[in-house]
Amino acid sequence: FADTSITSDHYHRVKEDVALMKELGMTAYRFSFSWPRILPNGRGSVNNEGIDFYNQLINELLKNGITPLATIYHFDLPLVLQQEYGGWASRRILDDFENFCRVLFENFGDRVKYWFTINEQSNMFLLPYLMPVNESSDISAEKQKYEMNHIMTLAHARAIQLCHQMVEDGKIGPAIGLAPNYPASCKPEDIMAARVADDFRTYLFLDLYLYGEYRENIWRYMLENECEPTILPGDMELLKSAKSDLLGINYYQSRVVKYAPEKMASRDFTVN
């Protein structure tokens, strides 16, 4: 019987783990802050034990000549915020996320100079268990996803602006899960299918991050399918004004894409 309650026990083995990193010759280490560990209630009182743990990790890394690369949000929304207002489904999260960022920058910005705002927003968009929808809502699941994606991108933009204000010489940007799509053949329809797959899988997110814009064909799709997000005054201006200093790429795989006729049965699909 496997007991996962302890696992790698990094919390208690920080010095030992960093010593192994140095032995391996690592010059940088990317880690993620846990929002619930820092702010158990999502906001309000700060958990000093959480602050102490990350201080110990960061100081140990620097002492061993290893540059810390910190991710602000990595799939671990405080449960209380999900229960209170639906987490990323509500714009109320923007202030709570900005407050979380402020706590991080205040406590660690003097030593951490490289930051990633949100890990793999693209994968959260695709995987329901990472960005759950409200099954009982009158709003379609697809529209809920595009709404949450828009709100999450606004949170990303506010984090960038705050970092530039608070962290001297700080560099910040997103970390995307990238999966290139290649056409299954040289047929025009397969080539176009791969391009569209890239648009929805990658450029939906990169265009928002880097240009503060929705790609025209994606916006047209959302309008035609009544799943476009709510755009409030100032939203797009915020996205355009938040300039990333870096782009993190998590690369796991590529995909082969083939044109699928509109009436193609689901049993005819294969994944490569």
# chains A, B, ... in the order shown; residues from 1 in each chain; ligands from 1
>>> select_by_dssp(residues="stretch 63-250 of chain A", states="alpha helix (DSSP H)", output="PyMOL selection string")
chain A and resi 63+79-85+92-108+121-126+141-166+188-198+204-211+216-224+235-241
>>> select_by_dssp(residues="stretch 29-179 of chain A", states="strand (DSSP E)", output="PyMOL selection string")
chain A and resi 29-32+67-73+114-119+171-178
>>> residues_around(residues="stretch 98-110 of chain A", least_positions_apart="3", cutoff="7 Å", atoms="only C-alpha atoms", output="PyMOL selection string")
chain A and resi 94-95+113+158-159+163+166-167
>>> residues_around(residues="stretch 89-93 of chain A", least_positions_apart="4", cutoff="10 Å", atoms="only C-alpha atoms", output="PyMOL selection string")
chain A and resi 42+81-82+84-85+97-99+131-134+144-152+154-155
>>> residues_around(residues="stretch 119-121 of chain A", least_positions_apart="3", cutoff="9 Å", atoms="only C-alpha atoms", output="list in words")
Ser32, Thr71, Ile72, Tyr73, His74, Phe75, Phe116, Met124, Phe125, Leu126, Asn149, Met152, Thr153, Pro174, Ala175, Ile176, Gly177, Leu178, Phe205, Gly248, Ile249 and Asn250 of chain A
>>> closest_residue(among="A:Gln56, A:Glu49, A:Gly65, A:Leu79", to="A:Arg13", atoms="only C-alpha atoms")
A:Gln56
>>> residues_around(residues="A:Lys22", least_positions_apart="4", cutoff="7 Å", atoms="only C-alpha atoms", output="list in words")
Val18, Met26 and Asn64 of chain A
